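Here is model32.pdb, consisting of PDB, C-alpha atoms and all ligand atoms:
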```pdb
ATOM      1  CA  MET A   1      -5.520 -79.920-194.338  1.00  0.00           C
ATOM      2  CA  THR A   2      -8.292 -82.163-193.001  1.00  0.00           C
ATOM      3  CA  THR A   3      -7.868 -83.333-189.439  1.00  0.00           C
ATOM      4  CA  TYR A   4     -10.022 -86.080-188.046  1.00  0.00           C
ATOM      5  CA  PRO A   5     -11.197 -86.311-184.462  1.00  0.00           C
ATOM      6  CA  LEU A   6      -9.239 -88.677-182.257  1.00  0.00           C
ATOM      7  CA  ARG A   7     -10.651 -91.101-179.704  1.00  0.00           C
ATOM      8  CA  LEU A   8      -8.592 -90.253-176.630  1.00  0.00           C
ATOM      9  CA  PHE A   9      -8.132 -91.706-173.169  1.00  0.00           C
ATOM     10  CA  PHE A  10      -5.605 -91.665-170.338  1.00  0.00           C
ATOM     11  CA  ALA A  11      -4.571 -95.036-168.969  1.00  0.00           C
ATOM     12  CA  LEU A  12      -1.929 -97.075-167.237  1.00  0.00           C
ATOM     13  CA  PRO A  13      -0.452 -99.411-169.855  1.00  0.00           C
ATOM     14  CA  CYS A  14       0.132-102.954-168.621  1.00  0.00           C
ATOM     15  CA  PRO A  15       3.895-103.669-168.716  1.00  0.00           C
ATOM     16  CA  PRO A  16       4.769-106.301-171.363  1.00  0.00           C
ATOM     17  CA  HIS A  17       6.093-108.896-168.854  1.00  0.00           C
ATOM     18  CA  LEU A  18       2.881-108.659-166.823  1.00  0.00           C
ATOM     19  CA  ALA A  19       0.684-108.690-169.936  1.00  0.00           C
ATOM     20  CA  ALA A  20       2.437-111.890-171.033  1.00  0.00           C
ATOM     21  CA  ALA A  21       1.847-113.508-167.625  1.00  0.00           C
ATOM     22  CA  ILE A  22      -1.815-112.481-167.586  1.00  0.00           C
ATOM     23  CA  CYS A  23      -2.343-113.803-171.106  1.00  0.00           C
ATOM     24  CA  ALA A  24      -0.638-117.119-170.256  1.00  0.00           C
ATOM     25  CA  TRP A  25      -2.946-117.533-167.244  1.00  0.00           C
ATOM     26  CA  ARG A  26      -5.968-116.498-169.351  1.00  0.00           C
ATOM     27  CA  THR A  27      -5.211-119.114-172.016  1.00  0.00           C
ATOM     28  CA  ASP A  28      -5.163-121.852-169.366  1.00  0.00           C
ATOM     29  CA  ALA A  29      -8.093-120.672-167.262  1.00  0.00           C
ATOM     30  CA  LEU A  30     -10.620-119.151-169.642  1.00  0.00           C
ATOM     31  CA  SER A  31     -12.149-120.416-172.802  1.00  0.00           C
ATOM     32  CA  ALA A  32     -14.829-118.046-174.037  1.00  0.00           C
ATOM     33  CA  GLY A  33     -15.394-114.430-175.020  1.00  0.00           C
ATOM     34  CA  LYS A  34     -13.319-112.128-177.195  1.00  0.00           C
ATOM     35  CA  ALA A  35      -9.912-111.804-175.570  1.00  0.00           C
ATOM     36  CA  VAL A  36      -8.281-108.361-175.396  1.00  0.00           C
ATOM     37  CA  ALA A  37      -4.879-108.498-177.158  1.00  0.00           C
ATOM     38  CA  ALA A  38      -1.826-108.521-174.878  1.00  0.00           C
ATOM     39  CA  HIS A  39      -0.544-105.193-176.267  1.00  0.00           C
ATOM     40  CA  ASN A  40      -3.930-103.561-175.505  1.00  0.00           C
ATOM     41  CA  LEU A  41      -4.169-104.509-171.812  1.00  0.00           C
ATOM     42  CA  HIS A  42      -4.520-101.342-169.727  1.00  0.00           C
ATOM     43  CA  LEU A  43      -6.310 -99.626-166.875  1.00  0.00           C
ATOM     44  CA  THR A  44      -8.342 -96.583-167.943  1.00  0.00           C
ATOM     45  CA  LEU A  45      -7.972 -93.433-165.834  1.00  0.00           C
ATOM     46  CA  ALA A  46     -10.060 -91.003-167.895  1.00  0.00           C
ATOM     47  CA  PHE A  47     -11.978 -91.452-171.125  1.00  0.00           C
ATOM     48  CA  LEU A  48     -12.225 -88.324-173.279  1.00  0.00           C
ATOM     49  CA  GLY A  49     -13.879 -89.815-176.351  1.00  0.00           C
ATOM     50  CA  SER A  50     -13.844 -88.058-179.690  1.00  0.00           C
ATOM     51  CA  GLN A  51     -11.728 -84.882-179.606  1.00  0.00           C
ATOM     52  CA  PRO A  52     -10.141 -82.647-182.235  1.00  0.00           C
ATOM     53  CA  ALA A  53      -6.443 -83.278-182.894  1.00  0.00           C
ATOM     54  CA  SER A  54      -5.762 -79.745-181.670  1.00  0.00           C
ATOM     55  CA  CYS A  55      -6.521 -80.971-178.122  1.00  0.00           C
ATOM     56  CA  VAL A  56      -3.469 -83.207-178.030  1.00  0.00           C
ATOM     57  CA  ALA A  57      -0.803 -80.558-177.332  1.00  0.00           C
ATOM     58  CA  PRO A  58      -2.761 -78.974-174.426  1.00  0.00           C
ATOM     59  CA  LEU A  59      -3.500 -82.447-173.042  1.00  0.00           C
ATOM     60  CA  LEU A  60       0.202 -83.326-173.106  1.00  0.00           C
ATOM     61  CA  ALA A  61       0.921 -80.103-171.203  1.00  0.00           C
ATOM     62  CA  LEU A  62      -1.889 -80.790-168.722  1.00  0.00           C
ATOM     63  CA  ALA A  63      -0.643 -84.311-168.015  1.00  0.00           C
ATOM     64  CA  ALA A  64       2.931 -83.107-167.510  1.00  0.00           C
ATOM     65  CA  GLU A  65       1.692 -81.058-164.528  1.00  0.00           C
ATOM     66  CA  ILE A  66       0.303 -84.107-162.715  1.00  0.00           C
ATOM     67  CA  GLN A  67       2.236 -85.205-159.639  1.00  0.00           C
ATOM     68  CA  GLY A  68       1.627 -88.942-159.564  1.00  0.00           C
ATOM     69  CA  LYS A  69       3.171 -91.398-157.113  1.00  0.00           C
ATOM     70  CA  ARG A  70       4.219 -94.979-157.729  1.00  0.00           C
ATOM     71  CA  SER A  71       2.385 -97.854-156.102  1.00  0.00           C
ATOM     72  CA  THR A  72       1.745-101.542-156.594  1.00  0.00           C
ATOM     73  CA  LEU A  73      -1.683-102.621-157.690  1.00  0.00           C
ATOM     74  CA  GLN A  74      -2.595-106.121-156.676  1.00  0.00           C
ATOM     75  CA  LEU A  75      -5.114-107.584-159.113  1.00  0.00           C
ATOM     76  CA  ASP A  76      -6.803-110.355-157.160  1.00  0.00           C
ATOM     77  CA  ARG A  77     -10.456-110.291-158.217  1.00  0.00           C
ATOM     78  CA  LEU A  78     -11.944-111.827-161.317  1.00  0.00           C
ATOM     79  CA  GLY A  79     -15.266-110.210-162.153  1.00  0.00           C
ATOM     80  CA  LEU A  80     -17.914-110.038-164.825  1.00  0.00           C
ATOM     81  CA  TRP A  81     -19.874-106.881-165.552  1.00  0.00           C
ATOM     82  CA  ARG A  82     -23.046-106.409-167.511  1.00  0.00           C
ATOM     83  CA  GLY A  83     -22.567-107.004-171.219  1.00  0.00           C
ATOM     84  CA  GLY A  84     -19.961-109.707-170.603  1.00  0.00           C
ATOM     85  CA  LEU A  85     -16.962-107.557-169.658  1.00  0.00           C
ATOM     86  CA  LEU A  86     -14.609-109.940-167.893  1.00  0.00           C
ATOM     87  CA  HIS A  87     -11.965-108.149-165.863  1.00  0.00           C
ATOM     88  CA  LEU A  88      -9.344-108.295-163.148  1.00  0.00           C
ATOM     89  CA  ALA A  89      -9.646-105.777-160.318  1.00  0.00           C
ATOM     90  CA  PRO A  90      -7.958-105.064-156.983  1.00  0.00           C
ATOM     91  CA  SER A  91      -9.569-105.807-153.593  1.00  0.00           C
ATOM     92  CA  ARG A  92      -7.835-102.682-152.353  1.00  0.00           C
ATOM     93  CA  VAL A  93      -7.174 -99.578-154.445  1.00  0.00           C
ATOM     94  CA  PRO A  94      -3.835 -97.927-153.540  1.00  0.00           C
ATOM     95  CA  GLN A  95      -4.270 -94.341-152.367  1.00  0.00           C
ATOM     96  CA  ALA A  96      -1.655 -93.223-154.903  1.00  0.00           C
ATOM     97  CA  LEU A  97      -3.766 -94.583-157.757  1.00  0.00           C
ATOM     98  CA  GLU A  98      -6.917 -92.921-156.438  1.00  0.00           C
ATOM     99  CA  ARG A  99      -5.068 -89.620-156.112  1.00  0.00           C
ATOM    100  CA  LEU A 100      -3.665 -89.897-159.619  1.00  0.00           C
ATOM    101  CA  GLN A 101      -7.135 -90.455-161.068  1.00  0.00           C
ATOM    102  CA  GLN A 102      -8.598 -87.610-158.968  1.00  0.00           C
ATOM    103  CA  GLN A 103      -5.864 -85.158-159.991  1.00  0.00           C
ATOM    104  CA  LEU A 104      -6.284 -86.038-163.634  1.00  0.00           C
ATOM    105  CA  HIS A 105     -10.083 -85.733-163.505  1.00  0.00           C
ATOM    106  CA  ALA A 106      -9.911 -82.408-161.651  1.00  0.00           C
ATOM    107  CA  ARG A 107      -7.548 -80.928-164.227  1.00  0.00           C
ATOM    108  CA  LEU A 108      -9.544 -82.272-167.160  1.00  0.00           C
ATOM    109  CA  LEU A 109     -12.812 -80.934-165.735  1.00  0.00           C
ATOM    110  CA  ALA A 110     -11.178 -77.552-165.126  1.00  0.00           C
ATOM    111  CA  ALA A 111     -10.068 -77.579-168.772  1.00  0.00           C
ATOM    112  CA  GLY A 112     -13.680 -78.117-169.852  1.00  0.00           C
ATOM    113  CA  TYR A 113     -13.730 -81.839-170.681  1.00  0.00           C
ATOM    114  CA  VAL A 114     -16.867 -83.824-169.953  1.00  0.00           C
ATOM    115  CA  LEU A 115     -16.028 -86.993-168.037  1.00  0.00           C
ATOM    116  CA  GLU A 116     -17.880 -89.989-166.788  1.00  0.00           C
ATOM    117  CA  GLU A 117     -19.405 -89.243-163.381  1.00  0.00           C
ATOM    118  CA  ARG A 118     -19.483 -92.837-162.172  1.00  0.00           C
ATOM    119  CA  ALA A 119     -17.196 -93.769-159.292  1.00  0.00           C
ATOM    120  CA  PHE A 120     -13.716 -94.905-160.313  1.00  0.00           C
ATOM    121  CA  ARG A 121     -13.619 -98.695-160.501  1.00  0.00           C
ATOM    122  CA  PRO A 122     -10.085 -99.542-161.618  1.00  0.00           C
ATOM    123  CA  HIS A 123      -9.949-102.708-163.694  1.00  0.00           C
ATOM    124  CA  LEU A 124      -8.104-104.446-166.484  1.00  0.00           C
ATOM    125  CA  THR A 125     -10.427-105.846-169.135  1.00  0.00           C
ATOM    126  CA  LEU A 126      -9.509-109.416-170.051  1.00  0.00           C
ATOM    127  CA  ALA A 127     -12.284-110.234-172.512  1.00  0.00           C
ATOM    128  CA  ARG A 128     -15.594-109.005-173.859  1.00  0.00           C
ATOM    129  CA  HIS A 129     -18.782-110.941-174.516  1.00  0.00           C
ATOM    130  CA  TYR A 130     -17.902-113.397-171.776  1.00  0.00           C
ATOM    131  CA  PRO A 131     -20.994-115.557-171.200  1.00  0.00           C
ATOM    132  CA  HIS A 132     -20.822-116.289-167.446  1.00  0.00           C
ATOM    133  CA  GLN A 133     -18.709-115.810-164.328  1.00  0.00           C
ATOM    134  CA  PRO A 134     -15.778-118.240-164.725  1.00  0.00           C
ATOM    135  CA  ASN A 135     -15.627-120.905-162.045  1.00  0.00           C
ATOM    136  CA  CYS A 136     -11.827-120.856-161.750  1.00  0.00           C
ATOM    137  CA  PRO A 137     -10.235-119.139-158.739  1.00  0.00           C
ATOM    138  CA  ALA A 138      -9.104-115.546-159.184  1.00  0.00           C
ATOM    139  CA  PRO A 139      -5.367-115.243-159.858  1.00  0.00           C
ATOM    140  CA  THR A 140      -3.126-112.689-158.142  1.00  0.00           C
ATOM    141  CA  PHE A 141      -0.951-110.368-160.207  1.00  0.00           C
ATOM    142  CA  ASP A 142       1.174-107.546-158.797  1.00  0.00           C
ATOM    143  CA  TRP A 143       1.321-104.579-161.146  1.00  0.00           C
ATOM    144  CA  PRO A 144       4.020-101.996-160.399  1.00  0.00           C
ATOM    145  CA  LEU A 145       2.491 -98.667-161.476  1.00  0.00           C
ATOM    146  CA  ARG A 146       5.361 -96.628-162.888  1.00  0.00           C
ATOM    147  CA  HIS A 147       3.885 -94.345-165.540  1.00  0.00           C
ATOM    148  CA  PHE A 148       0.636 -93.270-167.120  1.00  0.00           C
ATOM    149  CA  ALA A 149      -0.046 -92.367-170.730  1.00  0.00           C
ATOM    150  CA  LEU A 150      -2.356 -90.663-173.199  1.00  0.00           C
ATOM    151  CA  PHE A 151      -3.671 -92.973-175.906  1.00  0.00           C
ATOM    152  CA  CYS A 152      -5.519 -92.599-179.158  1.00  0.00           C
ATOM    153  CA  SER A 153      -7.768 -95.577-179.854  1.00  0.00           C
ATOM    154  CA  GLU A 154      -7.782 -96.554-183.518  1.00  0.00           C
ATOM    155  CA  ASN A 155      -9.613 -99.218-185.456  1.00  0.00           C
ATOM    156  CA  ASP A 156      -8.377-100.054-188.938  1.00  0.00           C
ATOM    157  CA  GLY A 157     -11.063-102.660-189.570  1.00  0.00           C
ATOM    158  CA  ARG A 158      -8.828-105.499-188.351  1.00  0.00           C
ATOM    159  CA  GLY A 159      -9.167-104.550-184.712  1.00  0.00           C
ATOM    160  CA  THR A 160      -8.605-101.864-182.125  1.00  0.00           C
ATOM    161  CA  ARG A 161      -5.107-100.616-181.419  1.00  0.00           C
ATOM    162  CA  TYR A 162      -4.046 -97.927-178.971  1.00  0.00           C
ATOM    163  CA  ARG A 163      -1.423 -95.441-180.135  1.00  0.00           C
ATOM    164  CA  GLN A 164       0.507 -93.854-177.291  1.00  0.00           C
ATOM    165  CA  LEU A 165       0.765 -90.074-177.680  1.00  0.00           C
ATOM    166  CA  GLY A 166       2.695 -89.337-174.496  1.00  0.00           C
ATOM    167  CA  GLN A 167       3.705 -90.879-171.203  1.00  0.00           C
ATOM    168  CA  TRP A 168       4.666 -89.517-167.782  1.00  0.00           C
ATOM    169  CA  PRO A 169       6.540 -91.176-164.929  1.00  0.00           C
ATOM    170  CA  LEU A 170       5.100 -91.679-161.466  1.00  0.00           C
ATOM    171  CA  ARG A 171       7.497 -90.658-158.719  1.00  0.00           C
ATOM    172  CA  PRO A 172       8.775 -92.984-156.025  1.00  0.00           C
ATOM    173  CA  ALA A 173       6.704 -92.713-152.856  1.00  0.00           C
ATOM    174  CA  THR A 174       8.403 -90.550-150.219  1.00  0.00           C
ATOM    175  CA  PRO A 175       9.418 -92.618-147.153  1.00  0.00           C
ATOM    176  CA  ALA A 176       7.296 -91.782-144.107  1.00  0.00           C
ATOM    177  CA  GLY A 177       8.703 -88.920-142.056  1.00  0.00           C
ATOM    178  CA  ARG A 178      10.802 -87.471-144.882  1.00  0.00           C
ATOM    179  CA  SER A 179       9.780 -84.487-146.926  1.00  0.00           C
ATOM    180  CA  ALA A 180      10.044 -84.674-150.726  1.00  0.00           C
ATOM    181  CA  PRO A 181      13.144 -82.985-152.195  1.00  0.00           C
TER
HETATM  182  P1  LIG B 201     -13.491-101.568-178.902  1.00  0.00           P
HETATM  183  O1  LIG B 201     -12.880-101.169-180.206  1.00  0.00           O
HETATM  184  O2  LIG B 201     -13.964-102.963-178.872  1.00  0.00           O
HETATM  185  O3  LIG B 201     -14.506-100.557-178.421  1.00  0.00           O
HETATM  186  P2  LIG B 201     -12.033-100.704-176.579  1.00  0.00           P
HETATM  187  O4  LIG B 201     -13.320-100.571-175.803  1.00  0.00           O
HETATM  188  O5  LIG B 201     -10.851-101.260-175.873  1.00  0.00           O
HETATM  189  O6  LIG B 201     -12.250-101.572-177.871  1.00  0.00           O
HETATM  190  P3  LIG B 201     -12.314 -97.924-176.934  1.00  0.00           P
HETATM  191  O7  LIG B 201     -13.814 -98.066-177.056  1.00  0.00           O
HETATM  192  O8  LIG B 201     -11.652 -96.949-177.841  1.00  0.00           O
HETATM  193  O9  LIG B 201     -11.605 -99.299-177.158  1.00  0.00           O
HETATM  194  O10 LIG B 201     -12.035 -97.566-175.419  1.00  0.00           O
HETATM  195  C1  LIG B 201     -10.756 -97.219-174.927  1.00  0.00           C
HETATM  196  C2  LIG B 201     -10.816 -97.309-173.408  1.00  0.00           C
HETATM  197  O11 LIG B 201     -11.791 -96.380-172.921  1.00  0.00           O
HETATM  198  C3  LIG B 201     -11.282 -98.674-172.890  1.00  0.00           C
HETATM  199  O12 LIG B 201     -10.679 -98.899-171.627  1.00  0.00           O
HETATM  200  C4  LIG B 201     -12.757 -98.514-172.701  1.00  0.00           C
HETATM  201  O13 LIG B 201     -13.282 -99.371-171.720  1.00  0.00           O
HETATM  202  C5  LIG B 201     -12.844 -97.063-172.242  1.00  0.00           C
HETATM  203  N1  LIG B 201     -14.115 -96.485-172.660  1.00  0.00           N
HETATM  204  C6  LIG B 201     -14.688 -96.586-173.867  1.00  0.00           C
HETATM  205  N2  LIG B 201     -15.850 -95.924-173.927  1.00  0.00           N
HETATM  206  C7  LIG B 201     -16.046 -95.394-172.696  1.00  0.00           C
HETATM  207  C8  LIG B 201     -17.057 -94.588-172.102  1.00  0.00           C
HETATM  208  N3  LIG B 201     -18.121 -94.183-172.769  1.00  0.00           N
HETATM  209  N4  LIG B 201     -16.902 -94.233-170.818  1.00  0.00           N
HETATM  210  C9  LIG B 201     -15.818 -94.610-170.114  1.00  0.00           C
HETATM  211  N5  LIG B 201     -14.820 -95.356-170.610  1.00  0.00           N
HETATM  212  C10 LIG B 201     -14.923 -95.752-171.886  1.00  0.00           C
HETATM  213 MG    MG B 202     -15.125 -99.711-176.558  1.00  0.00          MG
END
```
Please express what this file holds, its structure, as structure tokens.
Ligand code: ATP
Ligand code: MG
Amino acid sequence: MTTYPLRLFFALPCPPHLAAAICAWRTDALSAGKAVAAHNLHLTLAFLGSQPASCVAPLLALAAEIQGKRSTLQLDRLGLWRGGLLHLAPSRVPQALERLQQQLHARLLAAGYVLEERAFRPHLTLARHYPHQPNCPAPTFDWPLRHFALFCSENDGRGTRYRQLGQWPLRPATPAGRSAP
């Protein structure tokens, strides 16, 4: 049987109600670039790139060991990176999100994966090939982070689609002064 490599990444999928709100705002406020489809909106935690399909089962097991905590990510910055990548980002990164990304990276590195060494800059890509910084004010969207997922990025010639291979819940934050059960 022939198995093809898969293009894999871990990410936080944008919940449908929030994706709909972001897309509604985007339609009103922005007018250029190639918009990312609502069902593809996400925040990347770790990009693995092309990997054999045999990696999926160990990756699912690795992710199940992660102890991630819930938090709320406030997207309140509208930015443009080189190459026209228009995105929303937080002014303040919740510690729980940073810890989740660090745990995941540490486990992936220990398992032998090669990861990007650049500092983590959490963002949600809104559009590509955006020509200039938009002059509208940045919106504010509160994103309740409740689970993370492993995705396989696929392109069938009509566009990119992410297939979810597994997802794991983030636990409620423990109230201060109480130890976790
Ligand atoms: P496209 O089909 O236009 O490339 P995409 O960039 O959304 O769409 P992928 O290239 O498969 O799809 O990327 C999946 C996710 O991984 C995206 O969040 C993307 O920004 C991120 N990513 C892609 N390549 C890299 C890379 N070399 N390093 C870090 N993250 C990457
Ligand atoms: Mg890409």
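Distance-wise, CA of Asp156 (chain A) and CA of Ala61 (chain A) end up 28.3 Å apart.
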Per residue of chain A within 10 Å of ligand LIG 201 (chain B), what are the shortest atom pair and its distance in Å to one decimal, counting all atoms listed in the file, with rows by chain and residue number, as a tab-separated table?
```
residue	atom	partner	partner_atom	distance
A:Leu6	CA	B:LIG201	O8	9.7
A:Arg7	CA	B:LIG201	O8	6.2
A:Leu8	CA	B:LIG201	O8	7.5
A:Phe9	CA	B:LIG201	O11	5.9
A:Phe10	CA	B:LIG201	O11	8.2
A:Ala11	CA	B:LIG201	O12	7.7
A:Leu12	CA	B:LIG201	O12	10.0
A:Lys34	CA	B:LIG201	O2	9.3
A:Val36	CA	B:LIG201	O5	7.6
A:Ala37	CA	B:LIG201	O5	9.5
A:Asn40	CA	B:LIG201	O5	7.3
A:Leu41	CA	B:LIG201	O5	8.5
A:His42	CA	B:LIG201	O12	6.9
A:Leu43	CA	B:LIG201	O12	6.5
A:Thr44	CA	B:LIG201	O12	4.9
A:Leu45	CA	B:LIG201	O12	8.4
A:Ala46	CA	B:LIG201	N5	7.0
A:Phe47	CA	B:LIG201	N5	4.9
A:Leu48	CA	B:LIG201	C9	7.9
A:Gly49	CA	B:LIG201	N2	6.9
A:Ser50	CA	B:LIG201	O8	9.3
A:Leu85	CA	B:LIG201	O13	9.2
A:Leu115	CA	B:LIG201	N4	7.8
A:Glu116	CA	B:LIG201	N4	5.9
A:Glu117	CA	B:LIG201	N4	9.3
A:Arg118	CA	B:LIG201	C9	8.9
A:His123	CA	B:LIG201	O12	8.8
A:Leu124	CA	B:LIG201	O12	8.0
A:Thr125	CA	B:LIG201	O12	7.4
A:Ala127	CA	B:LIG201	O5	9.7
A:Arg128	CA	B:LIG201	O2	8.0
A:Phe151	CA	B:LIG201	C1	8.3
A:Cys152	CA	B:LIG201	O8	7.6
A:Ser153	CA	B:LIG201	O8	4.6
A:Glu154	CA	B:LIG201	O8	6.9
A:Asn155	CA	B:LIG201	O1	6.5
A:Asp156	CA	B:LIG201	O1	9.9
A:Gly157	CA	B:LIG201	O1	9.7
A:Gly159	CA	B:LIG201	O1	6.7
A:Thr160	CA	B:LIG201	O1	4.7
A:Arg161	CA	B:LIG201	O9	7.9
A:Tyr162	CA	B:LIG201	O8	7.8
```
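CA of Trp143 (chain A) lies 16.2 Å from CA of Arg26 (chain A).
Comparing the minimum interatomic distances between ligand MG 202 (chain B) and each of A:Thr174, A:Arg163, A:Leu109, A:Gly83, counting only C-alpha atoms and all ligand atoms, we find that A:Gly83 sits nearest.
Among A:Leu145, A:Leu100, A:His129, A:Asn135, the residue with the shortest atom-to-atom distance to ligand MG 202 (chain B), counting only C-alpha atoms and all ligand atoms, is A:His129.
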>> Using Å and a single decimal, report how far CA of Ala20 (chain A) sits from CA of His105 (chain A).
In response: 30.0 Å
>> If we draw a sphere of 7 Å around (-2.7, -107.7, -160.0), which residues have at least one atom in it when counting all atoms listed in the file? Please report them as a PyMOL selection string.
In response: chain A and resi 73-76+90+140-143
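Ranking A:Leu165, A:Leu126, A:Ala63, A:Leu170 by their shortest atom-to-atom distance to His39 (chain A), with all atoms listed in the file included, puts A:Leu126 first.
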